[in-house]
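J.: So here's input.cif (mmCIF, C-alpha atoms).
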```cif
data_upload
#
loop_
_atom_site.label_atom_id
_atom_site.label_comp_id
_atom_site.auth_asym_id
_atom_site.auth_seq_id
_atom_site.Cartn_x
_atom_site.Cartn_y
_atom_site.Cartn_z
CA MET A 212 -18.75 -62.13 69.34
CA THR A 213 -17.49 -58.68 68.14
CA THR A 214 -19.60 -55.61 67.31
CA PRO A 215 -19.31 -54.47 63.61
CA PRO A 216 -17.73 -51.01 63.16
CA PRO A 217 -20.25 -48.20 62.41
CA GLN A 218 -20.63 -47.22 58.74
CA PRO A 219 -19.79 -43.59 57.81
CA ALA A 220 -22.82 -41.49 56.97
CA PRO A 221 -23.19 -40.40 53.28
CA GLN A 222 -22.17 -36.78 53.61
CA ALA A 223 -21.02 -35.94 50.08
CA TYR A 224 -24.50 -35.63 48.53
CA ALA A 225 -26.38 -34.78 51.68
CA GLN A 226 -24.29 -31.70 52.40
CA GLN A 227 -24.47 -30.34 48.80
CA SER A 228 -27.18 -27.77 48.34
CA ALA A 229 -29.20 -27.53 45.13
CA PRO A 230 -28.12 -24.71 42.78
CA ASN A 231 -30.29 -21.67 42.98
CA TRP A 232 -31.53 -21.20 39.37
CA GLN A 233 -33.97 -18.53 40.42
CA GLY A 234 -32.79 -14.99 40.73
CA ALA A 235 -33.30 -12.86 43.78
CA PRO A 236 -36.81 -11.55 44.34
CA GLY A 237 -37.48 -8.58 42.15
CA THR A 238 -34.79 -9.47 39.57
CA SER A 239 -35.04 -11.36 36.25
CA TYR A 240 -32.69 -13.93 34.72
CA THR A 241 -30.27 -12.61 32.12
CA SER A 242 -28.82 -15.12 29.65
CA PRO A 243 -25.07 -14.85 29.04
CA ILE A 244 -25.72 -15.67 25.37
CA PRO A 245 -26.11 -12.48 23.31
CA VAL A 246 -29.66 -12.19 21.98
CA THR A 247 -30.09 -10.57 18.56
CA ARG A 248 -33.27 -9.79 16.66
CA THR A 249 -33.66 -12.25 13.78
CA HIS A 250 -34.33 -11.05 10.26
CA LEU A 251 -34.48 -12.35 6.69
CA GLY A 252 -30.68 -12.53 6.50
CA HIS A 253 -30.60 -15.24 9.20
CA ALA A 254 -33.22 -17.25 7.31
CA LEU A 255 -31.23 -16.88 4.08
CA ALA A 256 -28.06 -18.08 5.81
CA SER A 257 -29.93 -21.07 7.25
CA GLU A 258 -31.42 -22.07 3.90
CA TRP A 259 -28.07 -21.61 2.16
CA THR A 260 -26.48 -23.96 4.70
CA LYS A 261 -29.21 -26.54 4.07
CA ILE A 262 -29.12 -26.44 0.28
CA LYS A 263 -25.34 -26.74 0.04
CA SER A 264 -25.04 -29.51 2.62
CA VAL A 265 -27.52 -32.06 1.20
CA ARG A 266 -26.45 -34.60 -1.40
CA SER A 267 -29.52 -34.09 -3.59
CA THR A 268 -28.24 -30.62 -4.50
CA LEU A 269 -24.90 -31.94 -5.71
CA TRP A 270 -26.47 -34.82 -7.62
CA THR A 271 -29.20 -32.86 -9.38
CA LEU A 272 -27.01 -29.89 -10.25
CA GLY A 273 -24.17 -32.21 -11.33
CA ILE A 274 -26.49 -34.09 -13.70
CA PHE A 275 -27.91 -30.76 -14.94
CA LEU A 276 -24.41 -29.48 -15.80
CA PHE A 277 -23.52 -32.78 -17.44
CA LEU A 278 -26.61 -32.66 -19.66
CA VAL A 279 -26.34 -28.99 -20.65
CA LEU A 280 -22.56 -28.78 -21.06
CA GLY A 281 -22.05 -32.31 -22.37
CA GLY A 282 -25.05 -32.24 -24.70
CA GLY A 283 -24.24 -28.71 -25.83
CA LEU A 284 -20.64 -29.49 -26.69
CA PHE A 285 -21.66 -32.69 -28.47
CA VAL A 286 -24.15 -30.80 -30.65
CA SER A 287 -21.68 -28.00 -31.21
CA ALA A 288 -19.05 -30.46 -32.41
CA GLN A 289 -21.52 -31.91 -34.94
CA THR A 290 -22.47 -28.54 -36.47
CA GLU A 291 -20.76 -26.18 -38.90
CA ASP A 292 -20.33 -22.42 -39.14
CA LEU A 293 -23.16 -22.18 -41.68
CA ASN A 294 -25.64 -23.60 -39.14
CA TYR A 295 -25.28 -20.45 -37.02
CA GLN A 296 -26.24 -18.03 -39.74
CA ASP A 297 -29.78 -17.87 -38.32
CA LEU A 298 -29.22 -19.45 -34.90
CA PRO A 299 -27.52 -18.01 -31.80
CA PHE A 300 -24.36 -19.66 -30.51
CA THR A 301 -26.27 -20.73 -27.41
CA PHE A 302 -28.55 -23.02 -29.43
CA PRO A 303 -26.63 -26.25 -28.55
CA ALA A 304 -27.51 -25.63 -24.86
CA PHE A 305 -31.20 -26.01 -25.79
CA ILE A 306 -30.69 -29.73 -26.41
CA GLY A 307 -29.35 -30.29 -22.90
CA LEU A 308 -32.00 -28.09 -21.29
CA LEU A 309 -34.80 -30.29 -22.64
CA LEU A 310 -33.76 -32.90 -20.07
CA GLY A 311 -31.87 -30.62 -17.69
CA GLN A 312 -35.05 -28.74 -16.72
CA ILE A 313 -36.25 -31.93 -15.01
CA CYS A 314 -33.23 -31.74 -12.68
CA LEU A 315 -34.07 -28.21 -11.53
CA ILE A 316 -37.74 -29.12 -11.11
CA THR A 317 -36.75 -32.11 -8.94
CA LEU A 318 -34.38 -30.00 -6.86
CA GLY A 319 -37.04 -27.33 -6.38
CA VAL A 320 -39.50 -29.91 -5.08
CA LEU A 321 -36.93 -31.50 -2.75
CA VAL A 322 -35.91 -28.15 -1.24
CA THR A 323 -39.17 -28.01 0.69
CA SER A 324 -40.88 -31.41 0.49
CA SER A 325 -37.87 -33.34 1.85
CA GLU A 326 -38.14 -31.38 5.12
CA TYR A 327 -41.75 -32.50 5.50
CA GLY A 328 -40.76 -36.08 4.74
CA THR A 329 -38.02 -36.22 7.37
CA GLY A 330 -39.85 -34.12 9.98
CA MET A 331 -37.10 -31.50 9.87
CA ILE A 332 -39.73 -28.87 9.12
CA ARG A 333 -40.88 -29.00 12.78
CA THR A 334 -37.39 -28.07 13.94
CA THR A 335 -37.19 -25.33 11.32
CA PHE A 336 -40.48 -23.72 12.32
CA THR A 337 -39.66 -24.10 16.02
CA ALA A 338 -36.37 -22.25 15.55
CA SER A 339 -38.02 -19.68 13.28
CA PRO A 340 -41.79 -19.43 13.87
CA GLN A 341 -42.13 -16.87 11.06
CA ARG A 342 -43.14 -19.35 8.37
CA TYR A 343 -43.49 -16.69 5.66
CA ARG A 344 -39.90 -15.63 6.22
CA VAL A 345 -38.59 -19.21 6.01
CA PHE A 346 -40.51 -19.95 2.82
CA ALA A 347 -39.43 -16.67 1.21
CA ALA A 348 -35.81 -17.49 2.08
CA LYS A 349 -36.18 -20.92 0.47
CA ILE A 350 -37.46 -19.37 -2.75
CA LEU A 351 -34.75 -16.69 -2.90
CA VAL A 352 -31.87 -19.07 -2.18
CA PHE A 353 -33.10 -21.71 -4.62
CA PHE A 354 -33.80 -19.19 -7.39
CA ALA A 355 -30.34 -17.63 -6.99
CA VAL A 356 -28.61 -21.02 -7.14
CA ALA A 357 -30.72 -22.26 -10.08
CA PHE A 358 -30.32 -19.06 -12.10
CA VAL A 359 -26.54 -18.83 -11.59
CA VAL A 360 -26.01 -22.48 -12.54
CA SER A 361 -28.38 -22.49 -15.54
CA ALA A 362 -27.40 -19.09 -16.99
CA GLY A 363 -23.72 -19.85 -16.36
CA SER A 364 -23.90 -23.18 -18.18
CA ILE A 365 -25.76 -21.61 -21.14
CA LEU A 366 -23.18 -18.82 -21.26
CA LEU A 367 -20.32 -21.32 -21.23
CA VAL A 368 -21.88 -23.31 -24.08
CA GLY A 369 -22.34 -20.09 -26.05
CA LEU A 370 -18.73 -19.04 -25.52
CA LEU A 371 -17.34 -22.44 -26.52
CA THR A 372 -19.61 -22.66 -29.57
CA SER A 373 -18.62 -19.13 -30.61
CA SER A 374 -14.94 -20.01 -30.38
CA MET A 375 -15.53 -23.12 -32.53
CA HIS A 376 -17.83 -21.63 -35.20
CA SER A 377 -17.08 -17.91 -35.50
CA GLY A 378 -16.03 -18.20 -39.15
CA PRO A 379 -17.17 -15.95 -42.00
CA GLU A 380 -20.16 -18.20 -42.79
CA ALA A 381 -21.63 -17.77 -39.30
CA GLY A 382 -24.09 -14.97 -38.56
CA ASP A 383 -23.73 -12.20 -36.01
CA LEU A 384 -26.91 -12.79 -33.98
CA SER A 385 -26.73 -11.53 -30.42
CA TRP A 386 -27.16 -14.32 -27.90
CA GLY A 387 -27.01 -12.54 -24.53
CA GLY A 388 -30.81 -12.51 -24.32
CA THR A 389 -31.02 -16.27 -24.68
CA VAL A 390 -28.64 -16.67 -21.72
CA LEU A 391 -30.85 -14.55 -19.44
CA LYS A 392 -34.23 -15.81 -20.67
CA GLY A 393 -33.14 -19.45 -20.84
CA GLY A 394 -31.74 -19.34 -17.29
CA LEU A 395 -34.81 -17.46 -16.06
CA TYR A 396 -37.25 -19.91 -17.65
CA VAL A 397 -35.78 -23.12 -16.19
CA SER A 398 -35.21 -21.41 -12.81
CA LEU A 399 -38.88 -20.39 -12.70
CA LEU A 400 -39.84 -23.99 -13.46
CA GLY A 401 -37.81 -24.98 -10.38
CA VAL A 402 -39.54 -22.33 -8.24
CA LEU A 403 -42.89 -23.64 -9.50
CA GLY A 404 -41.79 -27.11 -8.36
CA LEU A 405 -40.84 -25.67 -4.95
CA ALA A 406 -44.30 -24.10 -4.56
CA VAL A 407 -46.04 -27.32 -5.61
CA GLY A 408 -43.84 -29.28 -3.19
CA SER A 409 -44.84 -26.93 -0.36
CA MET A 410 -48.53 -27.38 -1.13
CA LEU A 411 -48.46 -31.17 -1.56
CA ARG A 412 -45.76 -31.86 1.12
CA HIS A 413 -44.87 -35.14 -0.60
CA SER A 414 -41.76 -35.49 -2.78
CA ALA A 415 -42.94 -38.25 -5.12
CA GLY A 416 -46.39 -36.73 -5.57
CA ALA A 417 -45.03 -33.24 -6.24
CA ILE A 418 -42.43 -34.48 -8.75
CA THR A 419 -45.11 -36.49 -10.56
CA ALA A 420 -47.42 -33.47 -10.63
CA MET A 421 -44.65 -31.28 -12.06
CA LEU A 422 -43.81 -33.84 -14.76
CA GLY A 423 -47.47 -33.79 -15.73
CA ILE A 424 -47.50 -29.97 -15.83
CA VAL A 425 -44.42 -29.93 -18.08
CA LEU A 426 -45.06 -32.92 -20.35
CA LEU A 427 -48.85 -33.10 -20.79
CA PRO A 428 -49.17 -29.73 -22.60
CA SER A 429 -46.69 -31.00 -25.19
CA ILE A 430 -48.56 -34.30 -25.73
CA LEU A 431 -52.24 -33.32 -25.52
CA PRO A 432 -52.25 -30.95 -28.56
CA VAL A 433 -51.84 -33.97 -30.85
CA PHE A 434 -55.24 -35.21 -29.70
CA LEU A 435 -56.94 -31.86 -29.12
CA MET A 436 -56.29 -30.64 -32.67
CA ILE A 437 -58.15 -33.63 -34.16
CA SER A 438 -61.49 -32.10 -33.22
CA ARG A 439 -62.53 -28.69 -34.55
CA SER A 440 -64.06 -27.69 -31.18
CA THR A 441 -60.78 -28.22 -29.27
CA ARG A 442 -58.37 -27.16 -32.03
CA THR A 443 -57.89 -23.65 -30.60
CA LEU A 444 -57.05 -25.01 -27.15
CA GLY A 445 -54.62 -27.49 -28.68
CA GLU A 446 -52.87 -24.75 -30.66
CA LYS A 447 -52.45 -22.59 -27.55
CA MET A 448 -51.08 -25.51 -25.54
CA GLN A 449 -48.65 -26.30 -28.33
CA GLU A 450 -47.49 -22.69 -28.46
CA TYR A 451 -46.97 -22.24 -24.72
CA ASN A 452 -45.77 -25.64 -23.48
CA ALA A 453 -42.36 -25.75 -21.81
CA ILE A 454 -40.52 -27.54 -24.64
CA ASN A 455 -41.82 -25.20 -27.32
CA ALA A 456 -41.14 -22.19 -25.09
CA LEU A 457 -37.47 -23.15 -24.77
CA ALA A 458 -37.30 -23.70 -28.53
CA LYS A 459 -38.60 -20.16 -29.11
CA ILE A 460 -36.19 -18.67 -26.55
CA PHE A 461 -33.22 -20.28 -28.29
CA GLY A 462 -34.33 -19.22 -31.76
CA ALA A 463 -35.35 -22.63 -33.08
CA ASP A 464 -38.83 -21.35 -34.00
CA GLY A 465 -37.82 -18.49 -36.24
CA GLY A 466 -39.10 -14.99 -35.44
CA SER A 467 -40.46 -15.39 -31.88
CA THR A 468 -38.09 -14.83 -28.96
CA GLY A 469 -40.24 -16.54 -26.32
CA GLY A 470 -41.14 -13.38 -24.39
CA SER A 471 -44.84 -14.21 -24.02
CA GLN A 472 -43.96 -17.76 -22.90
CA VAL A 473 -41.67 -16.40 -20.17
CA TRP A 474 -44.35 -13.97 -18.94
CA LEU A 475 -46.93 -16.78 -18.83
CA LEU A 476 -44.60 -18.86 -16.67
CA VAL A 477 -43.98 -15.83 -14.42
CA GLY A 478 -47.75 -15.55 -13.89
CA VAL A 479 -48.27 -19.27 -13.24
CA THR A 480 -45.32 -19.40 -10.82
CA ALA A 481 -46.50 -16.30 -8.95
CA ALA A 482 -49.99 -17.82 -8.57
CA ALA A 483 -48.50 -21.07 -7.24
CA VAL A 484 -46.26 -19.19 -4.79
CA VAL A 485 -49.23 -17.16 -3.50
CA GLY A 486 -51.19 -20.39 -3.03
CA ALA A 487 -48.29 -21.96 -1.12
CA PHE A 488 -48.02 -18.90 1.14
CA ALA A 489 -51.78 -19.01 1.81
CA LEU A 490 -51.68 -22.70 2.82
CA LEU A 491 -48.51 -22.36 4.88
CA GLU A 492 -50.15 -20.81 7.97
CA ARG A 493 -53.44 -22.66 7.76
CA ARG A 494 -52.06 -26.18 8.09
CA ASP A 495 -50.24 -27.81 10.94
CA VAL A 496 -46.78 -29.31 10.51
#
```
Could you render the structure from this file as C-alpha cells?

T.:
Amino acid sequence: MTTPPPQPAPQAYAQQSAPNWQGAPGTSYTSPIPVTRTHLGHALASEWTKIKSVRSTLWTLGIFLFLVLGGGLFVSAQTEDLNYQDLPFTFPAFIGLLLGQICLITLGVLVTSSEYGTGMIRTTFTASPQRYRVFAAKILVFFAVAFVVSAGSILLVGLLTSSMHSGPEAGDLSWGGTVLKGGLYVSLLGVLGLAVGSMLRHSAGAITAMLGIVLLPSILPVFLMISRSTRTLGEKMQEYNAINALAKIFGADGGSTGGSQVWLLVGVTAAAVVGAFALLERRDV
C-alpha cells in the first residue's frame, strides 16, 4: 500500500489581498470622471435624444406631413386662380391640419406618458432629480419640433400653391401670418396634450381626454343652441372650438384672423402646464 502524494495548497486566491477602496485616513475619494454642474442644456440634450430616437415620433410626424402636404397639394390642384382672390395661398394646408392636429396631440401625450407606462420615468428622475427642469425641457423640445414641422409644412404648401395659382385673377393677400399662427395653434394643442399626459400618466386616457377637448366643443353647439337658455354658451363654443379656430386663422371665415382663438388656447395651455408642474412634485413616480 502506497501513500497518496500531498495536494498543493490553494495559494492563488489565498495570497491575493482585497483592493483597498478606502482612501487613507484624512483623505477623500476623488473620481477620475470629470464632474460638471448640470443645467437646462443637459436636460434639453437628453430630451432631444429621446424624442428623435423613438419610433412614435417618426410615425406621427410622418403621418402629419403626409396629411398636410398631401391634402394641401390635392386641394391646390383642384382649385383655380380665382379661388384665391379672397383666400391666402396657405388655405389648402387647412384641410390637412383638420386631421393633422390629432397627430401632434398624440405625439405630445406620448412624449411624457410613455415614460410613465414603461417605467423609464424613474430612471429619468434618478439621473436628474430636478423634475421641473426635466418637464420644462420636454415642453421646450416638443414645442420646437412641433412648430418647425407644422409651420414648415404650411409654408411649403403656401409656396407651392402660390407657384400654381399666381395668375392675374388671384388676389394679393399676405399669408405669412397664417404660417406663424397656424403652426403656433397646432403646436400649442400638442403642448396641451403633453401637460394632460403628465397629469393623467396614462397614454390611452390622455389621448381620449384630448380628443374630447378638441371634438366635443365642435359637436355640442348643435344641441346647446336648441334651447334659449344655453344658446349663448353654444355660440361661444362654436366660435372658439379648435376646428373653427383653424378656419378663422386660414381665412375661411371672412374677416376674423383667429387672434382671439389663439390667445384663448395660450391661456388654456398655460393653465394646464401650471397644473402639471404643481402635480409633478406632489406625486411619487

J.: Within 12 Å of range 404-428 of chain A, which residues of range 285-321 of chain A show up? Give each one with its shortest atom-to-atom distance in Å (one decimal) and the two atoms involved, counting all atoms listed in the file, rows by chain then rising residue number, as a Markdown table.

T.:
```
| residue | atom | partner | partner_atom | distance |
| --- | --- | --- | --- | --- |
| A:Leu309 | CA | A:Val425 | CA | 10.7 |
| A:Leu310 | CA | A:Val425 | CA | 11.2 |
| A:Gln312 | CA | A:Val425 | CA | 9.5 |
| A:Ile313 | CA | A:Leu422 | CA | 7.8 |
| A:Cys314 | CA | A:Ile418 | CA | 10.4 |
| A:Leu315 | CA | A:Gly404 | CA | 8.4 |
| A:Ile316 | CA | A:Gly404 | CA | 5.3 |
| A:Thr317 | CA | A:Ile418 | CA | 6.2 |
| A:Leu318 | CA | A:Leu405 | CA | 8.0 |
| A:Gly319 | CA | A:Leu405 | CA | 4.4 |
| A:Val320 | CA | A:Leu405 | CA | 4.4 |
| A:Leu321 | CA | A:Ser414 | CA | 6.3 |
```

J.: What lies within 7 Å of range 340-350 of chain A using only C-alpha atoms, ignoring chain neighbours under 2 positions off, as a JSON list (two decimals) with C-alpha atoms, in the coordinates of the input?

T.:
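Okay, part09.json is ready:
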```
[["chain", "number", "residue", "atom", "x", "y", "z"],
["A", 251, "LEU", "CA", -34.48, -12.35, 6.69],
["A", 254, "ALA", "CA", -33.22, -17.25, 7.31],
["A", 255, "LEU", "CA", -31.23, -16.88, 4.08],
["A", 258, "GLU", "CA", -31.42, -22.07, 3.90],
["A", 336, "PHE", "CA", -40.48, -23.72, 12.32],
["A", 337, "THR", "CA", -39.66, -24.10, 16.02],
["A", 338, "ALA", "CA", -36.37, -22.25, 15.55],
["A", 352, "VAL", "CA", -31.87, -19.07, -2.18],
["A", 353, "PHE", "CA", -33.10, -21.71, -4.62],
["A", 354, "PHE", "CA", -33.80, -19.19, -7.39],
["A", 402, "VAL", "CA", -39.54, -22.33, -8.24],
["A", 488, "PHE", "CA", -48.02, -18.90, 1.14]]
```

J.: For this file, the PyMOL selection byres ((chain A and resi 472) around 9) selects which residues, as number ranges by chain?

T.: A: 396, 450-453, 455-457, 459-460, 468-471, 473-477

J.: Measure the distance from CA of Pro303 in chain A to CA of Leu395 in chain A in Å and round it to one decimal.

T.: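 Taking CA of Pro303 in chain A as the start and CA of Leu395 in chain A as the end point, the length is 17.3 Å.
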
J.: Let me make sure I understand: among A:Ala381, A:Thr301, A:Gln449, A:Thr443, which one has the smallest atom-to-atom distance to Leu431 in chain A if we use all atoms listed in the file?

T.: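 When distances to Leu431 in chain A are compared using all atoms listed in the file, the smallest one comes from A:Gln449.
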
J.: List the residues matched by the PyMOL selection byres ((chain A and resi 282-293) around 7) in the displayed structure as number ranges by chain, ordered by chain and then by residue number.

T.: A: 278-281, 294-296, 303-304, 306-307, 368, 372, 376-378, 380-381

J.: Could the residues in this selection be saved with C-alpha atoms as a PDB file, keeping the file's coordinate frame?

T.:
```
ATOM      1  CA  LEU A 278     -26.610 -32.660 -19.660  1.00  0.00           C
ATOM      2  CA  VAL A 279     -26.340 -28.990 -20.650  1.00  0.00           C
ATOM      3  CA  LEU A 280     -22.560 -28.780 -21.060  1.00  0.00           C
ATOM      4  CA  GLY A 281     -22.050 -32.310 -22.370  1.00  0.00           C
ATOM      5  CA  ASN A 294     -25.640 -23.600 -39.140  1.00  0.00           C
ATOM      6  CA  TYR A 295     -25.280 -20.450 -37.020  1.00  0.00           C
ATOM      7  CA  GLN A 296     -26.240 -18.030 -39.740  1.00  0.00           C
ATOM      8  CA  PRO A 303     -26.630 -26.250 -28.550  1.00  0.00           C
ATOM      9  CA  ALA A 304     -27.510 -25.630 -24.860  1.00  0.00           C
ATOM     10  CA  ILE A 306     -30.690 -29.730 -26.410  1.00  0.00           C
ATOM     11  CA  GLY A 307     -29.350 -30.290 -22.900  1.00  0.00           C
ATOM     12  CA  VAL A 368     -21.880 -23.310 -24.080  1.00  0.00           C
ATOM     13  CA  THR A 372     -19.610 -22.660 -29.570  1.00  0.00           C
ATOM     14  CA  HIS A 376     -17.830 -21.630 -35.200  1.00  0.00           C
ATOM     15  CA  SER A 377     -17.080 -17.910 -35.500  1.00  0.00           C
ATOM     16  CA  GLY A 378     -16.030 -18.200 -39.150  1.00  0.00           C
ATOM     17  CA  GLU A 380     -20.160 -18.200 -42.790  1.00  0.00           C
ATOM     18  CA  ALA A 381     -21.630 -17.770 -39.300  1.00  0.00           C
TER      19      ALA A 381
END
```

J.: CA of Ser385 in chain A and CA of Ser373 in chain A, how far apart in Å?

T.: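 CA of Ser385 in chain A lies at a distance of 11.1 Å from CA of Ser373 in chain A.
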
J.: What are the centre and edge lengths in Å, to one decimal, of the axis-aligned box around all listed atoms of range 407-419 of chain A with 3 Å added on each side, as AutoDock Vina command-line options?

T.:
```
--center_x -45.1 --center_y -32.6 --center_z -4.7 --size_x 12.8 --size_y 17.3 --size_z 17.7
```

J.: In Å, with one decimal, what is the gap from CA of Asp297 in chain A to CA of Ser364 in chain A?

T.: 21.6 Å

J.: Tell me which of A:Gly330, A:Ser429, A:Pro299, A:Lys261 sits closest to Gly369 in chain A, counting all atoms listed in the file.

T.: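 Result for the nearest residue to Gly369 in chain A: A:Pro299.
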
J.: For a quick check of understanding, using all atoms listed in the file, which of A:Leu400, A:Ala463, A:Leu490, A:Ile454 has the smallest distance to Gly478 in chain A?

T.: A:Leu400

J.: If the PyMOL selection byres ((chain A and resi 363) around 12) is run on the structure shown, which residues does it catch, given as JSON, numbers by chain?

T.: {"A": [275, 276, 279, 280, 301, 304, 355, 356, 357, 358, 359, 360, 361, 362, 364, 365, 366, 367, 368, 369, 370, 387, 389, 390, 391, 393, 394, 395]}

J.: Once N, CA, C and O atoms are restored for range 348-368 of chain A, what would the output be as a CSV table (one decimal), in the frame of the given file?

T.:
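The resulting file, result34.csv, is reproduced below:
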```csv
chain,number,residue,atom,x,y,z
A,348,ALA,N,-37.2,-17.2,2.2
A,348,ALA,CA,-35.8,-17.5,2.1
A,348,ALA,C,-35.5,-18.7,1.2
A,348,ALA,O,-34.5,-18.7,0.5
A,349,LYS,N,-36.4,-19.7,1.3
A,349,LYS,CA,-36.2,-20.9,0.5
A,349,LYS,C,-36.3,-20.5,-1.0
A,349,LYS,O,-35.4,-21.0,-1.8
A,350,ILE,N,-37.3,-19.7,-1.4
A,350,ILE,CA,-37.5,-19.4,-2.8
A,350,ILE,C,-36.3,-18.5,-3.3
A,350,ILE,O,-35.7,-18.8,-4.3
A,351,LEU,N,-35.8,-17.6,-2.5
A,351,LEU,CA,-34.8,-16.7,-2.9
A,351,LEU,C,-33.4,-17.5,-3.1
A,351,LEU,O,-32.7,-17.3,-4.1
A,352,VAL,N,-33.1,-18.3,-2.1
A,352,VAL,CA,-31.9,-19.1,-2.2
A,352,VAL,C,-31.9,-20.0,-3.4
A,352,VAL,O,-30.9,-20.1,-4.1
A,353,PHE,N,-33.0,-20.8,-3.5
A,353,PHE,CA,-33.1,-21.7,-4.6
A,353,PHE,C,-33.0,-21.0,-6.0
A,353,PHE,O,-32.3,-21.4,-6.9
A,354,PHE,N,-33.8,-19.9,-6.1
A,354,PHE,CA,-33.8,-19.2,-7.4
A,354,PHE,C,-32.4,-18.7,-7.7
A,354,PHE,O,-32.0,-18.8,-8.9
A,355,ALA,N,-31.7,-18.1,-6.7
A,355,ALA,CA,-30.3,-17.6,-7.0
A,355,ALA,C,-29.4,-18.8,-7.5
A,355,ALA,O,-28.7,-18.6,-8.4
A,356,VAL,N,-29.5,-19.9,-6.8
A,356,VAL,CA,-28.6,-21.0,-7.1
A,356,VAL,C,-29.0,-21.5,-8.5
A,356,VAL,O,-28.1,-21.8,-9.4
A,357,ALA,N,-30.3,-21.7,-8.8
A,357,ALA,CA,-30.7,-22.3,-10.1
A,357,ALA,C,-30.4,-21.3,-11.2
A,357,ALA,O,-29.9,-21.8,-12.3
A,358,PHE,N,-30.6,-20.0,-11.0
A,358,PHE,CA,-30.3,-19.1,-12.1
A,358,PHE,C,-28.8,-19.0,-12.4
A,358,PHE,O,-28.4,-18.9,-13.6
A,359,VAL,N,-28.0,-18.9,-11.4
A,359,VAL,CA,-26.5,-18.8,-11.6
A,359,VAL,C,-26.0,-20.1,-12.3
A,359,VAL,O,-25.3,-20.0,-13.3
A,360,VAL,N,-26.5,-21.2,-11.9
A,360,VAL,CA,-26.0,-22.5,-12.5
A,360,VAL,C,-26.5,-22.6,-14.0
A,360,VAL,O,-25.8,-22.9,-14.9
A,361,SER,N,-27.8,-22.3,-14.2
A,361,SER,CA,-28.4,-22.5,-15.5
A,361,SER,C,-27.9,-21.4,-16.5
A,361,SER,O,-27.4,-21.8,-17.6
A,362,ALA,N,-27.9,-20.1,-16.1
A,362,ALA,CA,-27.4,-19.1,-17.0
A,362,ALA,C,-25.9,-19.2,-17.2
A,362,ALA,O,-25.4,-19.0,-18.3
A,363,GLY,N,-25.2,-19.7,-16.2
A,363,GLY,CA,-23.7,-19.8,-16.4
A,363,GLY,C,-23.4,-21.0,-17.3
A,363,GLY,O,-22.5,-20.9,-18.2
A,364,SER,N,-24.2,-22.1,-17.3
A,364,SER,CA,-23.9,-23.2,-18.2
A,364,SER,C,-24.3,-22.8,-19.6
A,364,SER,O,-23.6,-23.2,-20.6
A,365,ILE,N,-25.4,-22.1,-19.8
A,365,ILE,CA,-25.8,-21.6,-21.1
A,365,ILE,C,-24.7,-20.7,-21.7
A,365,ILE,O,-24.3,-20.7,-22.9
A,366,LEU,N,-24.2,-19.8,-20.8
A,366,LEU,CA,-23.2,-18.8,-21.3
A,366,LEU,C,-21.9,-19.6,-21.7
A,366,LEU,O,-21.3,-19.2,-22.7
A,367,LEU,N,-21.5,-20.6,-20.9
A,367,LEU,CA,-20.3,-21.3,-21.2
A,367,LEU,C,-20.5,-22.1,-22.6
A,367,LEU,O,-19.5,-22.1,-23.4
A,368,VAL,N,-21.6,-22.6,-22.8
A,368,VAL,CA,-21.9,-23.3,-24.1
A,368,VAL,C,-21.8,-22.3,-25.2
A,368,VAL,O,-21.2,-22.6,-26.3
```
